[in-house]
>>> print(open('target_31.tsv').read())   # TSV, C-alpha atoms
chain	number	residue	atom	x	y	z
A	1	MET	CA	-0.79	-8.27	-51.86
A	2	ILE	CA	-1.55	-6.03	-48.87
A	3	GLU	CA	-0.20	-7.16	-45.51
A	4	HIS	CA	-2.79	-6.51	-42.80
A	5	MET	CA	-1.89	-4.58	-39.65
A	6	ASP	CA	-3.86	-6.56	-37.14
A	7	LEU	CA	-1.68	-5.86	-34.06
A	8	TRP	CA	-1.35	-2.20	-34.92
A	9	ILE	CA	-5.12	-1.78	-35.21
A	10	ASP	CA	-5.45	-2.32	-31.45
A	11	ALA	CA	-2.64	0.11	-30.67
A	12	TYR	CA	-4.22	2.60	-33.11
A	13	LEU	CA	-7.57	2.28	-31.35
A	14	ASP	CA	-5.95	2.70	-27.92
A	15	ASP	CA	-3.94	5.73	-29.05
A	16	GLU	CA	-0.66	3.99	-28.29
A	17	LEU	CA	1.13	4.76	-31.55
A	18	ASP	CA	3.56	7.60	-32.16
A	19	PRO	CA	2.58	10.14	-34.87
A	20	ARG	CA	4.70	8.45	-37.55
A	21	GLN	CA	3.19	5.01	-36.88
A	22	ARG	CA	-0.26	6.54	-36.78
A	23	GLN	CA	0.28	8.05	-40.20
A	24	GLN	CA	1.33	4.65	-41.50
A	25	VAL	CA	-1.82	3.02	-40.18
A	26	ASP	CA	-3.99	5.83	-41.55
A	27	ALA	CA	-2.41	5.30	-44.97
A	28	HIS	CA	-2.96	1.56	-44.75
A	29	LEU	CA	-6.58	1.93	-43.61
A	30	SER	CA	-7.36	4.18	-46.56
A	31	GLN	CA	-6.61	1.31	-48.92
A	32	CYS	CA	-7.45	-1.84	-46.89
A	33	PRO	CA	-11.16	-2.65	-46.37
A	34	VAL	CA	-10.32	-5.71	-44.22
A	35	CYS	CA	-8.41	-3.64	-41.63
A	36	ARG	CA	-11.10	-0.94	-41.73
A	37	ARG	CA	-13.65	-3.61	-40.91
A	38	HIS	CA	-11.43	-4.87	-38.09
A	39	LEU	CA	-11.15	-1.39	-36.67
A	40	GLU	CA	-14.91	-0.94	-36.74
A	41	GLN	CA	-15.37	-4.33	-35.13
A	42	ARG	CA	-12.94	-3.38	-32.33
A	43	ARG	CA	-14.81	-0.14	-31.74
A	44	SER	CA	-18.13	-1.98	-31.50
A	45	LEU	CA	-16.59	-4.50	-29.14
A	46	SER	CA	-15.27	-1.75	-26.85
A	47	GLY	CA	-18.73	-0.20	-26.76
A	48	LEU	CA	-20.27	-3.57	-25.98
A	49	LEU	CA	-17.83	-4.25	-23.14
A	50	GLN	CA	-18.68	-0.91	-21.55
A	51	GLU	CA	-22.27	-2.11	-21.10
A	52	VAL	CA	-21.13	-4.32	-18.23
A	53	PRO	CA	-21.82	-2.25	-15.10
A	54	PRO	CA	-19.27	-1.80	-12.29
A	55	ALA	CA	-19.54	-3.83	-9.10
A	56	SER	CA	-22.38	-2.84	-6.77
A	57	THR	CA	-20.62	-2.82	-3.42
A	58	ARG	CA	-22.21	-3.48	-0.03
A	59	LYS	CA	-19.92	-1.24	1.96
A	60	THR	CA	-19.79	2.52	1.85
A	61	GLU	CA	-16.42	4.12	1.25
A	62	ASN	CA	-16.14	5.05	4.94
A	63	GLN	CA	-16.87	1.48	6.04
A	64	PHE	CA	-14.41	0.08	3.54
A	65	VAL	CA	-11.62	2.46	4.59
A	66	ALA	CA	-12.31	1.90	8.30
A	67	GLU	CA	-12.17	-1.87	7.89
A	68	VAL	CA	-8.87	-1.69	6.03
A	69	GLY	CA	-7.54	0.61	8.76
A	70	MET	CA	-8.43	-1.83	11.51
A	71	ARG	CA	-6.63	-4.67	9.75
A	72	LEU	CA	-3.41	-2.80	9.08
A	73	SER	CA	-0.37	-3.74	11.11
A	74	ARG	CA	1.37	-1.00	13.08
A	75	ARG	CA	4.36	0.57	11.46
A	76	GLN	CA	6.33	3.09	13.55
A	77	VAL	CA	6.74	6.50	11.95
A	78	SER	CA	10.43	6.81	11.18
A	79	THR	CA	12.49	9.88	10.43
A	80	ASN	CA	16.11	8.86	9.96
A	81	PRO	CA	17.91	5.70	11.09
A	82	GLY	CA	20.19	7.55	13.57
A	83	PHE	CA	17.30	9.24	15.32
A	84	HIS	CA	15.34	6.01	15.31
A	85	LEU	CA	18.22	4.12	16.96
A	86	ALA	CA	18.76	6.85	19.58
A	87	TRP	CA	15.03	6.94	20.28
A	88	SER	CA	14.91	3.16	20.75
A	89	LEU	CA	17.98	3.14	23.01
A	90	THR	CA	16.73	5.97	25.27
A	91	PRO	CA	14.85	3.73	27.75
A	92	VAL	CA	17.79	1.32	27.87
A	93	ALA	CA	20.16	4.19	28.66
A	94	LEU	CA	17.83	5.48	31.39
A	95	VAL	CA	17.54	2.05	33.01
A	96	LEU	CA	21.33	1.65	32.88
A	97	ALA	CA	21.81	5.09	34.48
A	98	ALA	CA	19.38	4.21	37.29
A	99	GLY	CA	21.19	0.90	37.80
A	100	PHE	CA	24.53	2.67	37.93
A	101	ILE	CA	23.36	5.08	40.63
A	102	GLN	CA	21.89	2.22	42.67
A	103	THR	CA	25.13	0.24	42.37
A	104	ALA	CA	27.16	3.27	43.37
A	105	PHE	CA	25.07	3.73	46.50
A	106	ILE	CA	25.31	0.06	47.46
A	107	LEU	CA	29.09	0.23	47.10
A	108	TYR	CA	29.14	3.48	49.02
A	109	ASP	CA	27.20	1.87	51.88
A	110	LEU	CA	29.50	-1.14	51.86
A	111	VAL	CA	32.55	1.07	52.03
A	112	GLY	CA	30.84	2.91	54.92
A	113	LEU	CA	30.72	-0.33	56.92
A	114	ILE	CA	34.53	-0.42	57.16
A	115	PRO	CA	35.61	1.27	60.43
A	116	GLY	CA	37.24	4.62	59.75
A	117	ALA	CA	36.45	4.50	56.04
A	118	GLU	CA	33.94	7.35	56.31
A	119	GLN	CA	36.54	9.67	57.74
A	120	PHE	CA	38.98	8.45	55.09
A	121	LEU	CA	36.58	9.31	52.31
A	122	VAL	CA	36.01	12.81	53.70
A	123	ASN	CA	39.69	13.51	54.05
A	124	GLN	CA	40.71	12.03	50.69
A	125	PRO	CA	37.98	12.87	48.23
A	126	THR	CA	40.05	12.02	45.15
A	127	PHE	CA	41.11	8.60	46.42
A	128	ALA	CA	44.40	9.03	44.69
A	129	PRO	CA	46.36	6.51	46.76
A	130	LEU	CA	43.58	3.93	46.64
A	131	SER	CA	42.61	4.36	43.01
A	132	PHE	CA	46.23	3.84	42.06
A	133	HIS	CA	45.86	0.18	43.01
A	134	LEU	CA	42.37	-0.35	41.53
A	135	PRO	CA	41.38	-1.24	37.98
A	136	GLY	CA	40.14	1.65	35.81
A	137	LEU	CA	36.39	1.16	36.14
A	138	ALA	CA	36.45	0.68	39.94
A	139	SER	CA	38.65	3.73	40.28
A	140	LYS	CA	36.18	5.84	38.29
A	141	LEU	CA	33.31	4.48	40.39
A	142	LEU	CA	35.02	5.54	43.60
A	143	GLU	CA	35.68	8.98	42.18
A	144	PHE	CA	32.00	9.22	41.34
A	145	ILE	CA	31.03	8.26	44.90
A	146	THR	CA	33.15	11.07	46.31
A	147	MET	CA	31.09	13.54	44.31
A	148	PHE	CA	28.21	12.93	46.76
A	149	LEU	CA	30.15	14.19	49.74
A	150	PRO	CA	29.36	15.44	52.32
A	151	MET	CA	27.83	12.12	53.19
A	152	GLU	CA	24.71	13.33	54.97
A	153	TRP	CA	23.44	14.86	51.68
A	154	SER	CA	24.46	12.03	49.39
A	155	TRP	CA	21.25	9.97	49.68
A	156	ILE	CA	19.14	13.01	48.79
A	157	ILE	CA	21.23	13.66	45.68
A	158	GLY	CA	21.00	9.99	44.71
A	159	LEU	CA	17.26	9.91	45.27
A	160	ALA	CA	16.82	13.07	43.18
A	161	GLY	CA	18.83	11.41	40.42
A	162	LEU	CA	16.61	8.34	40.47
A	163	VAL	CA	13.44	10.45	40.49
A	164	ALA	CA	14.77	12.48	37.54
A	165	ILE	CA	15.56	9.31	35.60
A	166	GLY	CA	12.11	7.92	36.45
A	167	LEU	CA	10.46	11.11	35.17
A	168	MET	CA	12.49	11.00	31.97
A	169	TYR	CA	11.44	7.39	31.45
A	170	LEU	CA	7.76	8.28	31.96
A	171	GLY	CA	8.18	11.20	29.54
A	172	TRP	CA	9.61	8.83	26.93
A	173	LEU	CA	6.70	6.42	27.45
A	174	ALA	CA	4.17	9.27	27.06
A	175	ALA	CA	5.90	10.42	23.84
A	176	TRP	CA	5.94	6.85	22.52
A	177	TRP	CA	2.20	6.46	23.06
A	178	SER	CA	1.33	9.84	21.60
A	179	LEU	CA	3.49	9.27	18.49
A	180	ALA	CA	2.25	5.73	17.91
A	181	PRO	CA	-0.11	5.65	14.92
A	182	SER	CA	-3.81	5.24	15.56
A	183	THR	CA	-5.82	2.49	13.93
A	184	LYS	CA	-7.90	5.02	11.98
A	185	LEU	CA	-6.84	5.64	8.41
A	186	LEU	CA	-8.50	9.01	8.01
A	187	PRO	CA	-9.91	11.58	10.40
A	188	ASP	CA	-13.70	11.79	9.98
A	189	SER	CA	-13.58	15.26	8.43
A	190	ARG	CA	-11.14	14.15	5.72
A	191	VAL	CA	-13.14	11.04	4.94
A	192	ASP	CA	-16.32	13.09	4.59
A	193	THR	CA	-14.64	15.68	2.37
A	194	GLU	CA	-13.15	13.02	0.15
A	195	TYR	CA	-16.40	11.10	0.02
A	196	HIS	CA	-18.60	14.03	-0.87
A	197	SER	CA	-16.20	15.43	-3.42
A	198	ARG	CA	-16.55	12.30	-5.51
B	1	MET	CA	-1.28	19.28	-16.28
B	2	LEU	CA	-3.89	18.10	-13.78
B	3	GLU	CA	-2.61	14.56	-14.23
B	4	ALA	CA	0.92	15.70	-13.41
B	5	ILE	CA	-0.25	17.49	-10.24
B	6	ARG	CA	-2.26	14.46	-9.24
B	7	ALA	CA	0.73	12.15	-9.81
B	8	GLU	CA	3.02	14.43	-7.81
B	9	ASP	CA	0.46	14.67	-5.03
B	10	GLU	CA	0.16	10.89	-5.08
B	11	MET	CA	3.91	10.43	-4.75
B	12	VAL	CA	3.89	12.67	-1.66
B	13	LEU	CA	1.15	10.51	-0.15
B	14	VAL	CA	3.04	7.34	-1.05
B	15	THR	CA	6.24	8.63	0.59
B	16	GLN	CA	4.31	9.58	3.72
B	17	ALA	CA	2.62	6.18	3.79
B	18	GLN	CA	5.99	4.47	3.38
B	19	HIS	CA	7.06	6.24	6.58
B	20	GLY	CA	4.07	4.80	8.39
B	21	ASP	CA	1.55	7.63	7.88
B	22	ARG	CA	-1.81	5.85	7.98
B	23	GLU	CA	-3.78	8.94	7.03
B	24	ALA	CA	-1.77	9.28	3.82
B	25	PHE	CA	-2.41	5.61	3.09
B	26	GLY	CA	-6.10	6.19	3.79
B	27	MET	CA	-6.15	8.89	1.11
B	28	LEU	CA	-4.55	6.46	-1.32
B	29	VAL	CA	-7.16	3.83	-0.42
B	30	CYS	CA	-9.93	6.36	-1.19
B	31	ARG	CA	-8.37	7.13	-4.56
B	32	HIS	CA	-7.89	3.58	-5.75
B	33	ARG	CA	-10.66	1.72	-3.96
B	34	ALA	CA	-13.27	1.85	-6.73
B	35	GLY	CA	-10.79	0.98	-9.49
B	36	MET	CA	-9.42	-1.96	-7.52
B	37	ILE	CA	-12.85	-3.36	-6.63
B	38	ASN	CA	-14.08	-3.07	-10.22
B	39	GLY	CA	-10.88	-4.55	-11.64
B	40	ILE	CA	-11.10	-7.54	-9.33
B	41	TYR	CA	-14.85	-7.85	-9.90
B	42	ARG	CA	-14.30	-8.07	-13.63
B	43	MET	CA	-11.59	-10.65	-13.12
B	44	CYS	CA	-13.61	-12.90	-10.83
B	45	GLY	CA	-17.26	-11.94	-11.47
B	46	ASP	CA	-18.33	-11.73	-7.82
B	47	ALA	CA	-18.90	-8.30	-6.28
B	48	GLN	CA	-18.63	-9.46	-2.67
B	49	LEU	CA	-15.50	-11.45	-3.36
B	50	ALA	CA	-14.07	-8.43	-5.19
B	51	GLU	CA	-14.69	-6.15	-2.21
B	52	ASP	CA	-13.06	-8.57	0.21
B	53	ALA	CA	-10.15	-9.25	-2.14
B	54	ALA	CA	-9.60	-5.49	-2.61
B	55	GLN	CA	-9.28	-5.10	1.16
B	56	VAL	CA	-6.81	-7.99	1.33
B	57	ALA	CA	-4.85	-6.46	-1.56
B	58	LEU	CA	-4.69	-3.09	0.22
B	59	ILE	CA	-3.47	-4.70	3.41
B	60	ARG	CA	-0.79	-6.53	1.41
B	61	ALA	CA	0.10	-3.24	-0.27
B	62	TRP	CA	0.56	-1.58	3.16
B	63	GLN	CA	2.85	-4.40	4.25
B	64	ARG	CA	4.90	-4.24	1.04
B	65	LEU	CA	4.90	-0.45	0.80
B	66	PRO	CA	8.49	-0.07	2.13
B	67	ASP	CA	9.61	-2.17	-0.88
B	68	TYR	CA	7.87	0.09	-3.41
B	69	ARG	CA	10.42	2.15	-5.36
B	70	PRO	CA	9.22	5.51	-6.69
B	71	GLY	CA	9.70	5.79	-10.43
B	72	GLY	CA	7.25	3.13	-11.50
B	73	SER	CA	3.55	3.88	-11.53
B	74	PHE	CA	2.02	3.44	-8.07
B	75	ARG	CA	-1.28	2.49	-9.67
B	76	SER	CA	0.43	-0.28	-11.64
B	77	TRP	CA	2.12	-1.52	-8.49
B	78	LEU	CA	-1.18	-1.51	-6.61
B	79	TYR	CA	-3.06	-3.18	-9.45
B	80	ARG	CA	-0.44	-5.89	-9.68
B	81	ILE	CA	-1.15	-6.79	-6.06
B	82	ALA	CA	-4.90	-6.55	-6.74
B	83	ILE	CA	-4.74	-8.81	-9.81
B	84	ASN	CA	-2.65	-11.39	-7.96
B	85	THR	CA	-5.05	-11.28	-5.02
B	86	ALA	CA	-7.99	-11.65	-7.40
B	87	LEU	CA	-6.42	-14.69	-9.02
B	88	ASP	CA	-5.67	-16.19	-5.60
B	89	SER	CA	-9.27	-15.62	-4.50
B	90	LEU	CA	-10.57	-16.97	-7.76
B	91	ARG	CA	-8.60	-20.17	-7.47
B	92	ARG	CA	-9.58	-20.57	-3.84
B	93	GLU	CA	-13.27	-19.98	-4.43
B	94	LYS	CA	-13.23	-21.91	-7.71
B	95	GLN	CA	-15.53	-19.35	-9.23
B	96	ALA	CA	-14.20	-20.04	-12.70
B	97	GLU	CA	-15.67	-23.53	-12.60
B	98	ASP	CA	-19.23	-22.27	-12.69
B	99	ILE	CA	-19.43	-19.03	-14.54
B	100	ASP	CA	-23.22	-19.33	-14.89
B	101	ASP	CA	-23.52	-18.49	-11.20
B	102	LEU	CA	-21.84	-15.10	-11.54
B	103	GLN	CA	-23.39	-12.36	-9.46
B	104	LEU	CA	-24.05	-9.55	-11.84
B	105	ALA	CA	-24.73	-6.01	-10.78
B	106	GLU	CA	-28.25	-5.14	-11.86
B	107	PRO	CA	-28.38	-2.50	-14.57
B	108	GLU	CA	-30.66	0.45	-13.95
B	109	VAL	CA	-33.32	-0.28	-16.53
B	110	SER	CA	-36.97	-1.02	-16.13
B	111	GLY	CA	-39.78	-2.77	-17.98
B	112	ASP	CA	-39.41	-5.53	-20.58
B	113	SER	CA	-36.02	-4.34	-21.75
B	114	ARG	CA	-34.59	-5.14	-18.34
B	115	LEU	CA	-34.52	-8.89	-18.86
B	116	GLU	CA	-33.07	-8.47	-22.32
B	117	LYS	CA	-30.40	-6.15	-20.98
B	118	GLU	CA	-29.57	-8.51	-18.14
B	119	GLU	CA	-29.27	-11.43	-20.53
B	120	ARG	CA	-27.04	-9.40	-22.82
B	121	ILE	CA	-24.75	-8.42	-19.95
B	122	ARG	CA	-24.66	-12.00	-18.71
B	123	LYS	CA	-23.45	-13.16	-22.10
B	124	ILE	CA	-20.74	-10.53	-22.23
B	125	ARG	CA	-19.63	-11.43	-18.71
B	126	GLN	CA	-19.55	-15.11	-19.56
B	127	ALA	CA	-17.47	-14.45	-22.64
B	128	ILE	CA	-14.98	-12.36	-20.64
B	129	MET	CA	-14.78	-14.98	-17.90
B	130	ALA	CA	-14.15	-17.70	-20.46
B	131	LEU	CA	-10.99	-15.94	-21.63
B	132	PRO	CA	-7.68	-17.32	-20.34
B	133	GLU	CA	-6.60	-15.48	-17.17
B	134	ALA	CA	-3.56	-13.86	-18.79
B	135	SER	CA	-5.55	-12.32	-21.66
B	136	ARG	CA	-8.48	-11.45	-19.40
B	137	ALA	CA	-6.23	-9.43	-17.08
B	138	VAL	CA	-4.80	-7.43	-19.99
B	139	LEU	CA	-8.25	-6.81	-21.48
B	140	ILE	CA	-9.74	-5.65	-18.15
B	141	LEU	CA	-6.84	-3.32	-17.36
B	142	ARG	CA	-7.14	-1.74	-20.80
B	143	GLU	CA	-10.91	-1.66	-21.39
B	144	TYR	CA	-12.14	-0.92	-17.88
B	145	GLU	CA	-9.22	0.65	-16.02
B	146	ALA	CA	-7.86	2.52	-19.06
B	147	LEU	CA	-4.25	1.71	-18.22
B	148	THR	CA	-1.67	2.43	-20.91
B	149	TYR	CA	0.21	-0.47	-22.48
B	150	GLN	CA	3.28	0.48	-20.46
B	151	GLU	CA	1.29	0.51	-17.21
B	152	ILE	CA	-0.23	-2.87	-18.06
B	153	ALA	CA	3.26	-4.21	-18.78
B	154	GLN	CA	4.45	-2.95	-15.37
B	155	THR	CA	1.37	-4.28	-13.62
B	156	LEU	CA	1.66	-7.77	-15.03
B	157	ASP	CA	5.46	-7.74	-15.32
B	158	ILE	CA	5.42	-8.64	-19.00
B	159	PRO	CA	6.93	-6.94	-22.09
B	160	THR	CA	4.81	-4.35	-23.94
B	161	GLY	CA	4.83	-6.63	-26.99
B	162	THR	CA	3.17	-9.36	-24.95
B	163	VAL	CA	0.54	-6.85	-23.80
B	164	MET	CA	-0.24	-6.09	-27.44
B	165	SER	CA	-0.45	-9.73	-28.49
B	166	ARG	CA	-2.61	-10.75	-25.50
B	167	LEU	CA	-4.93	-7.80	-26.05
B	168	ASN	CA	-5.18	-8.64	-29.73
B	169	TYR	CA	-5.96	-12.26	-28.90
B	170	ALA	CA	-8.60	-11.31	-26.30
B	171	ARG	CA	-10.36	-8.84	-28.58
B	172	LYS	CA	-10.34	-11.15	-31.55
B	173	TRP	CA	-11.64	-14.00	-29.40
B	174	LEU	CA	-14.41	-11.85	-27.90
B	175	ALA	CA	-15.34	-10.36	-31.26
B	176	GLU	CA	-15.94	-13.86	-32.63
B	177	ARG	CA	-18.08	-14.93	-29.68
B	178	LEU	CA	-19.99	-11.70	-29.31
B	179	GLN	CA	-20.48	-11.04	-33.00
B	180	PHE	CA	-24.25	-11.62	-32.71
B	181	LEU	CA	-24.53	-9.03	-29.91
B	182	MET	CA	-22.55	-6.47	-31.89
B	183	GLU	CA	-24.82	-7.02	-34.85
B	184	GLU	CA	-27.91	-6.57	-32.63
B	185	ALA	CA	-26.49	-3.28	-31.42
>>> encode(input="target_31.tsv", output="structure tokens")
Amino acid sequence: MIEHMDLWIDAYLDDELDPRQRQQVDAHLSQCPVCRRHLEQRRSLSGLLQEVPPASTRKTENQFVAEVGMRLSRRQVSTNPGFHLAWSLTPVALVLAAGFIQTAFILYDLVGLIPGAEQFLVNQPTFAPLSFHLPGLASKLLEFITMFLPMEWSWIIGLAGLVAIGLMYLGWLAAWWSLAPSTKLLPDSRVDTEYHSR
Amino acid sequence: MLEAIRAEDEMVLVTQAQHGDREAFGMLVCRHRAGMINGIYRMCGDAQLAEDAAQVALIRAWQRLPDYRPGGSFRSWLYRIAINTALDSLRREKQAEDIDDLQLAEPEVSGDSRLEKEERIRKIRQAIMALPEASRAVLILREYEALTYQEIAQTLDIPTGTVMSRLNYARKWLAERLQFLMEEA
């Protein structure tokens, strides 16, 4: 009694068998009228199914693509995680730098209110005796303040620093906006080329 | 050879899209739009619903793109989202409950044969829609989207053996119900 190869007939029709299996099915088909009839039936069915037309769509390709583009969420273009982190922290670093300069100037002005302190700062720019008694961070801050001596120029240097930081911040904002992805999926020229080449 | 170039080109576009390149994603949308719409249309039988569901599927694909791992077929991955979206839409719209109301695309024929042709297509559509969802999806991916068994298995996340048995079931089932149309032909 011949065992029919029902499952294999589909794979044979869909060209999914390896050459050895194909040979086996060919050999079986040559002597099994039932499987030959099944194969013919499958072929007719495939032809019949192809009569169903594709969907007639309302939207043109351009409309469809544009609508998808408008509904996509923004995803920032990323390069590598290190760069991405540094890029994200840039505005924070700039704000901290501006804050540090402002704090330094406030402290500098406060120190200036002490009688004789101005003269002391001029004569002892390194603050060695004073810094010896101060905690590390305060000592460093005082050393930084002395960098702005002579005192009559210090506010200009500080202001220039703030302006420079402000400009860097604006530059970062401009870069952020220009690198942010647009809502369009394709430039018009590429859409047209793609569309007409179909 | 052309297929290999196309696949390589597609992987470049996918990688770019994964990094947030919307233009690259747009090119992928252009490539797969028609296949997705037709696949969904054949699953649910409503052209308008298919178009909307294809857009939803593409938006989901964009959101899930960082999770896509190169190696598997991108088309299979995309079609899996499309099929799931189609099934969601189908259940929501309850289209399957009234398959007589299917909106069929009008075939380009004229004269008396037009009605006959329309009736014939309606019967085929009804028979396809009456198939269980699992078998219908396999049949559509094979017959209309020409996916390989392996791609269908990846798309539906089932073993290749299950693809074969579902396809066999669907074809046998349709052959019985559409026998009279095949004989007419």
>>> closest_atom_pairs(input="target_31.tsv", of="stretch 34-104 of chain A", to="stretch 155-177 of chain A", cutoff="9 Å", atoms="all atoms listed in the file", output="Markdown table")
| residue | atom | partner | partner_atom | distance |
| --- | --- | --- | --- | --- |
| A:Trp87 | CA | A:Trp172 | CA | 8.8 |
| A:Thr90 | CA | A:Trp172 | CA | 7.9 |
| A:Pro91 | CA | A:Tyr169 | CA | 6.2 |
| A:Leu94 | CA | A:Ile165 | CA | 6.1 |
| A:Val95 | CA | A:Ile165 | CA | 8.0 |
| A:Ala97 | CA | A:Ile165 | CA | 7.6 |
| A:Ala98 | CA | A:Leu162 | CA | 5.9 |
| A:Ile101 | CA | A:Gly158 | CA | 6.8 |
| A:Gln102 | CA | A:Gly158 | CA | 8.1 |
>>> atom_distance(input="target_31.tsv", atom1="atom CA of A:Arg58", atom2="atom CA of B:Ala47")
8.6 Å
>>> residues_around(input="target_31.tsv", residues="B:Phe180", least_positions_apart="4", cutoff="12 Å", atoms="all atoms listed in the file", output="tab-separated table (two decimals) with C-alpha atoms, keeping the file's coordinate frame")
chain	number	residue	atom	x	y	z
A	41	GLN	CA	-15.37	-4.33	-35.13
A	44	SER	CA	-18.13	-1.98	-31.50
A	45	LEU	CA	-16.59	-4.50	-29.14
A	48	LEU	CA	-20.27	-3.57	-25.98
B	120	ARG	CA	-27.04	-9.40	-22.82
B	123	LYS	CA	-23.45	-13.16	-22.10
B	124	ILE	CA	-20.74	-10.53	-22.23
B	174	LEU	CA	-14.41	-11.85	-27.90
B	175	ALA	CA	-15.34	-10.36	-31.26
B	176	GLU	CA	-15.94	-13.86	-32.63
B	184	GLU	CA	-27.91	-6.57	-32.63
B	185	ALA	CA	-26.49	-3.28	-31.42
>>> closest_atom_pairs(input="target_31.tsv", of="chain B", to="chain A", cutoff="8 Å", atoms="only C-alpha atoms", output="JSON lines")
{"residue": "B:His19", "atom": "CA", "partner": "A:Val77", "partner_atom": "CA", "distance": 5.4}
{"residue": "B:Gly20", "atom": "CA", "partner": "A:Val77", "partner_atom": "CA", "distance": 4.8}
{"residue": "B:Asp21", "atom": "CA", "partner": "A:Val77", "partner_atom": "CA", "distance": 6.7}
{"residue": "B:Arg22", "atom": "CA", "partner": "A:Leu185", "partner_atom": "CA", "distance": 5.1}
{"residue": "B:Glu23", "atom": "CA", "partner": "A:Leu185", "partner_atom": "CA", "distance": 4.7}
{"residue": "B:Ala24", "atom": "CA", "partner": "A:Leu185", "partner_atom": "CA", "distance": 7.7}
{"residue": "B:Phe25", "atom": "CA", "partner": "A:Leu185", "partner_atom": "CA", "distance": 6.9}
{"residue": "B:Gly26", "atom": "CA", "partner": "A:Leu185", "partner_atom": "CA", "distance": 4.7}
{"residue": "B:Met27", "atom": "CA", "partner": "A:Leu186", "partner_atom": "CA", "distance": 7.3}
{"residue": "B:Val29", "atom": "CA", "partner": "A:Val65", "partner_atom": "CA", "distance": 6.8}
{"residue": "B:Cys30", "atom": "CA", "partner": "A:Val65", "partner_atom": "CA", "distance": 7.2}
{"residue": "B:Ile37", "atom": "CA", "partner": "A:Ala55", "partner_atom": "CA", "distance": 7.1}
{"residue": "B:Asn38", "atom": "CA", "partner": "A:Ala55", "partner_atom": "CA", "distance": 5.6}
{"residue": "B:Tyr41", "atom": "CA", "partner": "A:Ala55", "partner_atom": "CA", "distance": 6.2}
{"residue": "B:Ala47", "atom": "CA", "partner": "A:Ala55", "partner_atom": "CA", "distance": 5.3}
{"residue": "B:Gln48", "atom": "CA", "partner": "A:Thr57", "partner_atom": "CA", "distance": 7.0}
{"residue": "B:Glu51", "atom": "CA", "partner": "A:Thr57", "partner_atom": "CA", "distance": 6.9}
{"residue": "B:Gln55", "atom": "CA", "partner": "A:Val68", "partner_atom": "CA", "distance": 6.0}
{"residue": "B:Leu58", "atom": "CA", "partner": "A:Val68", "partner_atom": "CA", "distance": 7.3}
{"residue": "B:Ile59", "atom": "CA", "partner": "A:Leu72", "partner_atom": "CA", "distance": 6.0}
{"residue": "B:Trp62", "atom": "CA", "partner": "A:Leu72", "partner_atom": "CA", "distance": 7.2}
{"residue": "B:Gln63", "atom": "CA", "partner": "A:Ser73", "partner_atom": "CA", "distance": 7.6}
{"residue": "B:Leu104", "atom": "CA", "partner": "A:Ala55", "partner_atom": "CA", "distance": 7.8}
{"residue": "B:Ala105", "atom": "CA", "partner": "A:Ser56", "partner_atom": "CA", "distance": 5.6}
{"residue": "B:Glu106", "atom": "CA", "partner": "A:Pro53", "partner_atom": "CA", "distance": 7.8}
{"residue": "B:Pro107", "atom": "CA", "partner": "A:Pro53", "partner_atom": "CA", "distance": 6.6}
{"residue": "B:Ile121", "atom": "CA", "partner": "A:Val52", "partner_atom": "CA", "distance": 5.7}
{"residue": "B:Ile124", "atom": "CA", "partner": "A:Leu49", "partner_atom": "CA", "distance": 7.0}
{"residue": "B:Arg125", "atom": "CA", "partner": "A:Val52", "partner_atom": "CA", "distance": 7.3}
{"residue": "B:Glu143", "atom": "CA", "partner": "A:Ser46", "partner_atom": "CA", "distance": 7.0}
{"residue": "B:Tyr144", "atom": "CA", "partner": "A:Gln50", "partner_atom": "CA", "distance": 7.5}
{"residue": "B:Thr148", "atom": "CA", "partner": "A:Glu16", "partner_atom": "CA", "distance": 7.6}
{"residue": "B:Tyr149", "atom": "CA", "partner": "A:Glu16", "partner_atom": "CA", "distance": 7.4}
{"residue": "B:Met164", "atom": "CA", "partner": "A:Leu7", "partner_atom": "CA", "distance": 6.8}
{"residue": "B:Ser165", "atom": "CA", "partner": "A:Leu7", "partner_atom": "CA", "distance": 6.9}
{"residue": "B:Leu167", "atom": "CA", "partner": "A:Asp10", "partner_atom": "CA", "distance": 7.7}
{"residue": "B:Asn168", "atom": "CA", "partner": "A:Leu7", "partner_atom": "CA", "distance": 6.2}
{"residue": "B:Arg171", "atom": "CA", "partner": "A:Arg42", "partner_atom": "CA", "distance": 7.1}
{"residue": "B:Leu174", "atom": "CA", "partner": "A:Leu45", "partner_atom": "CA", "distance": 7.8}
{"residue": "B:Ala175", "atom": "CA", "partner": "A:Leu45", "partner_atom": "CA", "distance": 6.4}
{"residue": "B:Leu178", "atom": "CA", "partner": "A:Leu45", "partner_atom": "CA", "distance": 8.0}
{"residue": "B:Leu181", "atom": "CA", "partner": "A:Leu48", "partner_atom": "CA", "distance": 8.0}
{"residue": "B:Met182", "atom": "CA", "partner": "A:Ser44", "partner_atom": "CA", "distance": 6.3}
>>> atom_distance(input="target_31.tsv", atom1="atom CA of A:Thr60", atom2="atom CA of B:Glu10")
22.7 Å
>>> atom_distance(input="target_31.tsv", atom1="atom CA of B:Val163", atom2="atom CA of A:Arg22")
18.7 Å
>>> axis_aligned_box(input="target_31.tsv", around="stretch 57-68 of chain B", padding_each_side="4 Å", output="JSON")
{"center_x": 2.4, "center_y": -3.2, "center_z": 0.4, "size_x": 22.5, "size_y": 14.6, "size_z": 15.7}
>>> closest_residue(input="target_31.tsv", among="B:Ile40, B:Ser76, B:Glu116, B:Ile158", to="B:Asp88", atoms="only C-alpha atoms")
B:Ile40
>>> residues_around(input="target_31.tsv", residues="B:Pro70", least_positions_apart="2", cutoff="10 Å", atoms="all atoms listed in the file", output="ChimeraX atom specification")
/B:11,14-15,67-68,72-74
